[in-house]
Structures are given as C-alpha cells and as structure tokens.
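> Shown below is the structure under consideration.
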Amino acid sequence: MHLRYILHADDIGLTAGITRSIVRAVDVGHVRSVSLIVNGWGLDEAVEALVARPELRVSIHLNLLEGVPLAGAGAVPLLVGEDGRLAATFQKLSRKWALGGKLGREELNRQIGLEFRAQIARGCEVLGTRLDRLRVDSHTHIHALPFVLDTLLEADLPRRVEAVRLPREVWHISPDKRDRSTMFGANLVKHGLLNRLSVGIKAKLDARGIDSNPLMLGVLHTGAMTVSAIAAGIEASERFAGGRRGGAQVGANGEPVEVLLHPGRAEEGEQDHWAGRPDLWAYYSSMARSREFDASQASELSSLLGSGETQ
C-alpha cells in the first residue's frame, strides 16, 4: 500500500450510550482512533475510557451543532437556539456569514473563536498531555467552511493545533448495491462540496505548517460504511495516490487516511438530550449506526487497513 489507513470513530463523549458503543468497537473491533465531543453528555464516560486505553489516537471534535456551549450561551448568541443550546448548522452559519455584513461577520467569527477556545481548553483540561499533539476535526465537518477554518487557525487557543482533518474523499462506489442507498442526495452534495473546499483547506494548513490526513473515507457512504464500501474506497484511494492526479504530496506527512465510521448508537432513555430536535434523535438512534458498528468488527478489515492498525 502507498497510504496508511486507520479506522476512526466520531462522536465519543456525545452521550453515555454512544460512548459505550464506540468503546466496544475499540475493544472488540478495529477502531484505533476517535474524536471526542467535549461538551457532550457522555464526557465523563469517554474520558474514563480514554484514560484506560492510552494507545487510542484522539482528536477534538469541535461542535457547534448541539449541546450546551462551553463559552456560555450569553457569550455566543449567534450560535445557539432559543433553548440556549448550540444549533449552528452548515447552512445556518453560511447564511449568517453571507447576510451579516462586515460587522456581523466579525462578530460571528469572534463567537465561533470563543467557543472553539473553550472546547479545546476543556479537552486539554480533561486529557492533559494526551493532546500534546493536538488534532482537531468537527461535527458535520463545519470547519470546512472557509471563515470557520480561518477563525480556528487565528484564534488564541490554549495549545497549538498540530493537525486538522482534510475532508477530501476520492470518488468510489461500493460493489454492493445495498451500500448505495445513502450515496445519492445529501451525501453526494456533501461529497462534492467538501472536496471543493478541501483545496483551500490544504493550502491554508500547508502555509501554517499544520499536518492533515491525505484523504479520508466516509462521506459518500455515510450510514452505509460496510466492508464492501471501505474496500472500494481504499482501492480508489490507492489508485489516486499512485496516479498522476495524486502526486507525491499525497501521504507526504505522518497523518493516515481516516476511514470514518459512526458506530456509536444512542440508547433508549437518551431521547431527552434532543428534546425539540427529533431529527437528531432519529439520526443517533438509527440502525445504520449498529450496522457500522458491525462493520468495525469484520475480520476482513485487518488486511484492508494494513499498517493503519498501528499508531
């Protein structure tokens, strides 16, 4: 293989149930990397699990979508809903930026910076030296928005960001038709948009000497990341890295290709975390998450991931 791969799970710490599922995916499967939501309802359980598993690679999963803002609702009114909880989607932030004018944009950036600083500070507080190499990514890839990334890179953070997720994914289609149910619609639009934004992201990170993963997998087949989908993505990524389009820059730094799963499923009794937001409850309690958990245990992943199993 030209590239290194690592099986990664987003959302640890969001709830106790989601955290327990991800920990099982680590202990009985092939997940070797996780992203921690530090303002989640399951943070204590997540920190306990991470302390007990020092070999796990950890990133901070910056979150503007849900939960209580760590900077305080009064300090970030542009990022919260009427209930005082974070509610900044990709679309809402883009609209506020487009319509805000110079002063409005400056204020939006300031509030995003406040919340990012608070979340990274909380991560450093609970994990200490575990985050000496600070990796960050984000819930719903919100950092891919140019003004959000600029705010992250220019914010007065408690620790220098060393690596940022690059949401660039090579086009591929799983040979199993059942995996394609999620491809057309939102995932297809998201794939095109994130790939386009990744050009600017990579340039900004390189200019600041910040590492990034060369590619990732898990956008086109979000909700259907089966072994077949993963195998198709790895094959396409290898072709890209070995071809003229890939070039020598693909995989040039130490970060591996992230094979992104969402194996953490919310449990019954956790509905109240998303009171008034049934779409999020439906998403986190979906059987798709159980299927991705099952995929994380597949024996075939050992040979597919290769050296990505090592840290």
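Just remember, in the structure tokens the first chain shown is A, the second B, etc., residues are 1-based per chain, and ligands are 1-based in the order shown.
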Which neighbours of His141 (chain A) fall inside 10 Å, counting only C-alpha atoms, when residues of the same chain fewer than 2 positions from it are skipped, and could you give them as a list in words?
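Within the cut-off, the hits are His61, Leu62, Asn63, Thr89, Phe90, Asp137, Ser138, His139, His143, Ala144, Leu145, Arg165, Leu166, Pro167, Lys190 and Leu194 of chain A.
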> As a list in words, please: the residues near Val38 (chain A) (cut-off 8 Å, only C-alpha atoms, same-chain neighbours under 5 positions excluded).
Gly13, Leu14, Leu43, Ile60, His61, Leu62, Gln119, Arg122 and Gly123 of chain A
> Using only C-alpha atoms, find the one residue out of A:Ile230, A:Gly100, A:Asp211, A:Ser299 that sits nearest to Arg133 (chain A).
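The closest residue to Arg133 (chain A) is A:Asp211.
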> Quick one: everything within 12 Å of Pro146 (chain A), counting only C-alpha atoms, minus sequence neighbours fewer than 6 positions away in the same chain. Send it as a PyMOL selection string.
chain A and resi 90+93-94+97+109+152-153+193-194+196-205
> Give me, as a list of chain:residue names, all polymer residues having an atom no more than 6 Å from region 17-33 of chain A, counting only C-alpha atoms and skipping those fewer than 3 positions away in the same chain.
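Answer for this query is A:Leu7, A:His8, A:Ile12, A:Gly13, A:Leu56, A:Arg57, A:Val58, A:Pro263, A:Gly264, A:Arg265, A:Ala266, A:Glu267, A:Ser296, A:Gln297.
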> According to DSSP computed on the backbone, where in region 181-243 of chain A is there helix (DSSP H, G or I)? Give the residues as a PyMOL selection string.
chain A and resi 181-207+227-242
> For region 265-311 of chain A versus region 67-81 of chain A, which residues have an atom no more than 12 Å away, and what is each residue's nearest atom pair and distance in Å rounded to one decimal, using only C-alpha atoms, chain-then-number order, as CSV?

```
residue,atom,partner,partner_atom,distance
A:Asp272,CA,A:Gly67,CA,11.6
A:His273,CA,A:Gly67,CA,8.0
A:Trp274,CA,A:Gly67,CA,8.7
A:Ala275,CA,A:Gly67,CA,11.0
A:Gly276,CA,A:Gly81,CA,10.8
A:Arg277,CA,A:Gly81,CA,11.1
A:Leu280,CA,A:Gly67,CA,11.6
```
> Determine, counting only C-alpha atoms, which protein, DNA and RNA residues have an atom within 8 Å of an atom of Leu134 (chain A); residues of the same chain fewer than 3 positions away are not included. Present the result as number ranges by chain.
A: 59-60, 131, 159-163
> Those selected residues, please, written with C-alpha atoms and delivered as a compact mmCIF listing (two decimals), in the first residue's frame.

```
# COMPACT_ATOMS: atom_id res chain seq x y z
CA SER A 59 -8.86 14.24 18.17
CA ILE A 60 -11.08 17.04 19.44
CA LEU A 131 -3.35 16.20 23.49
CA ARG A 159 -2.48 24.86 22.59
CA ARG A 160 -1.22 24.99 19.01
CA VAL A 161 -3.19 22.90 16.55
CA GLU A 162 -0.84 20.33 15.00
CA ALA A 163 -3.19 18.52 12.62
```
> Select from region 19-143 of chain A everything DSSP, run on the backbone, classes as strand (DSSP E or B), then give the selection as a PyMOL selection string.
chain A and resi 33-36+57-62+80+86+134-138
> Write the residues you've just listed into a file as a CSV table (one decimal), in the first residue's frame, and include all heavy atoms for each of them.

```csv
chain,number,residue,atom,x,y,z
A,33,SER,N,-8.9,5.0,16.5
A,33,SER,CA,-8.8,6.4,16.6
A,33,SER,C,-10.2,6.9,16.8
A,33,SER,O,-11.2,6.4,16.3
A,33,SER,CB,-8.3,6.9,15.2
A,33,SER,OG,-8.2,8.3,15.2
A,34,VAL,N,-10.3,8.0,17.6
A,34,VAL,CA,-11.7,8.5,18.0
A,34,VAL,C,-11.6,10.1,18.0
A,34,VAL,O,-10.5,10.6,18.2
A,34,VAL,CB,-12.2,8.0,19.3
A,34,VAL,CG1,-12.4,6.5,19.3
A,34,VAL,CG2,-11.2,8.4,20.5
A,35,SER,N,-12.8,10.7,17.8
A,35,SER,CA,-12.9,12.1,18.0
A,35,SER,C,-13.8,12.4,19.2
A,35,SER,O,-15.0,11.9,19.2
A,35,SER,CB,-13.5,12.8,16.8
A,35,SER,OG,-12.5,12.8,15.7
A,36,LEU,N,-13.4,13.2,20.1
A,36,LEU,CA,-14.1,13.4,21.4
A,36,LEU,C,-14.9,14.7,21.3
A,36,LEU,O,-14.3,15.8,21.0
A,36,LEU,CB,-13.0,13.5,22.5
A,36,LEU,CG,-13.5,13.9,23.9
A,36,LEU,CD1,-14.4,12.8,24.5
A,36,LEU,CD2,-12.4,14.2,24.8
A,57,ARG,N,-5.6,6.8,19.4
A,57,ARG,CA,-5.4,8.2,18.8
A,57,ARG,C,-6.6,9.0,19.1
A,57,ARG,O,-7.8,8.6,18.8
A,57,ARG,CB,-5.1,8.0,17.3
A,57,ARG,CG,-4.9,9.2,16.5
A,57,ARG,CD,-4.7,8.7,15.0
A,57,ARG,NE,-4.5,9.8,14.1
A,57,ARG,CZ,-5.5,10.3,13.3
A,57,ARG,NH1,-6.7,9.9,13.5
A,57,ARG,NH2,-5.2,11.2,12.4
A,58,VAL,N,-6.5,10.3,19.5
A,58,VAL,CA,-7.6,11.1,19.9
A,58,VAL,C,-7.5,12.5,19.2
A,58,VAL,O,-6.5,13.1,19.1
A,58,VAL,CB,-7.6,11.3,21.4
A,58,VAL,CG1,-8.9,12.1,21.8
A,58,VAL,CG2,-7.6,10.0,22.2
A,59,SER,N,-8.7,12.9,18.7
A,59,SER,CA,-8.9,14.2,18.2
A,59,SER,C,-10.0,14.9,18.9
A,59,SER,O,-10.8,14.3,19.5
A,59,SER,CB,-9.2,14.2,16.7
A,59,SER,OG,-8.3,13.5,15.9
A,60,ILE,N,-10.0,16.3,18.9
A,60,ILE,CA,-11.1,17.0,19.4
A,60,ILE,C,-12.1,17.3,18.3
A,60,ILE,O,-11.7,17.7,17.2
A,60,ILE,CB,-10.6,18.4,20.0
A,60,ILE,CG1,-9.7,18.2,21.2
A,60,ILE,CG2,-11.8,19.3,20.4
A,60,ILE,CD1,-10.3,17.5,22.4
A,61,HIS,N,-13.3,16.9,18.6
A,61,HIS,CA,-14.4,17.0,17.6
A,61,HIS,C,-15.2,18.3,17.9
A,61,HIS,O,-16.1,18.4,18.7
A,61,HIS,CB,-15.3,15.8,17.8
A,61,HIS,CG,-16.1,15.5,16.6
A,61,HIS,ND1,-15.6,15.4,15.3
A,61,HIS,CD2,-17.5,15.2,16.4
A,61,HIS,CE1,-16.5,15.0,14.4
A,61,HIS,NE2,-17.7,14.9,15.1
A,62,LEU,N,-14.7,19.4,17.3
A,62,LEU,CA,-15.3,20.7,17.5
A,62,LEU,C,-16.8,20.7,17.1
A,62,LEU,O,-17.1,20.2,16.1
A,62,LEU,CB,-14.5,21.8,16.8
A,62,LEU,CG,-13.1,22.0,17.2
A,62,LEU,CD1,-12.4,22.9,16.2
A,62,LEU,CD2,-13.0,22.5,18.6
A,80,VAL,N,-26.5,29.7,19.1
A,80,VAL,CA,-27.5,28.9,19.9
A,80,VAL,C,-28.9,29.2,19.4
A,80,VAL,O,-29.2,30.2,18.7
A,80,VAL,CB,-27.3,29.3,21.4
A,80,VAL,CG1,-25.9,29.0,21.9
A,80,VAL,CG2,-27.7,30.7,21.7
A,86,LEU,N,-26.4,24.9,21.5
A,86,LEU,CA,-25.8,25.1,20.2
A,86,LEU,C,-26.7,24.6,19.1
A,86,LEU,O,-27.3,23.5,19.2
A,86,LEU,CB,-24.4,24.4,20.1
A,86,LEU,CG,-23.3,25.0,21.0
A,86,LEU,CD1,-22.2,24.1,21.1
A,86,LEU,CD2,-22.9,26.4,20.4
A,134,LEU,N,-2.0,18.1,19.2
A,134,LEU,CA,-3.5,18.5,19.1
A,134,LEU,C,-4.0,18.3,17.7
A,134,LEU,O,-3.6,19.0,16.8
A,134,LEU,CB,-3.7,19.9,19.6
A,134,LEU,CG,-5.1,20.4,19.6
A,134,LEU,CD1,-6.0,19.6,20.4
A,134,LEU,CD2,-5.2,21.9,20.0
A,135,ARG,N,-4.9,17.3,17.6
A,135,ARG,CA,-5.6,17.1,16.3
A,135,ARG,C,-7.0,17.6,16.5
A,135,ARG,O,-7.6,17.3,17.5
A,135,ARG,CB,-5.6,15.6,15.9
A,135,ARG,CG,-4.3,14.9,15.7
A,135,ARG,CD,-4.6,13.5,15.2
A,135,ARG,NE,-3.3,12.8,15.0
A,135,ARG,CZ,-2.6,12.1,15.9
A,135,ARG,NH1,-3.1,12.1,17.1
A,135,ARG,NH2,-1.5,11.5,15.5
A,136,VAL,N,-7.5,18.2,15.5
A,136,VAL,CA,-8.9,18.7,15.5
A,136,VAL,C,-9.7,18.3,14.2
A,136,VAL,O,-9.1,18.2,13.2
A,136,VAL,CB,-9.1,20.2,15.8
A,136,VAL,CG1,-8.4,20.6,17.1
A,136,VAL,CG2,-8.5,21.0,14.6
A,137,ASP,N,-10.9,18.0,14.4
A,137,ASP,CA,-11.9,17.9,13.3
A,137,ASP,C,-13.2,18.5,13.8
A,137,ASP,O,-13.1,19.2,14.7
A,137,ASP,CB,-12.0,16.4,12.8
A,137,ASP,CG,-12.3,15.5,14.0
A,137,ASP,OD1,-13.2,15.7,14.8
A,137,ASP,OD2,-11.6,14.4,14.1
A,138,SER,N,-14.3,18.2,13.1
A,138,SER,CA,-15.5,18.9,13.6
A,138,SER,C,-16.8,18.1,13.3
A,138,SER,O,-16.8,17.3,12.3
A,138,SER,CB,-15.6,20.3,13.0
A,138,SER,OG,-15.7,20.2,11.6
```
> Would you work out the distance separating CA of Asp206 (chain A) from CA of Cys124 (chain A), expressed in Å to one decimal?
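Distance between the two atoms: 24.2 Å.
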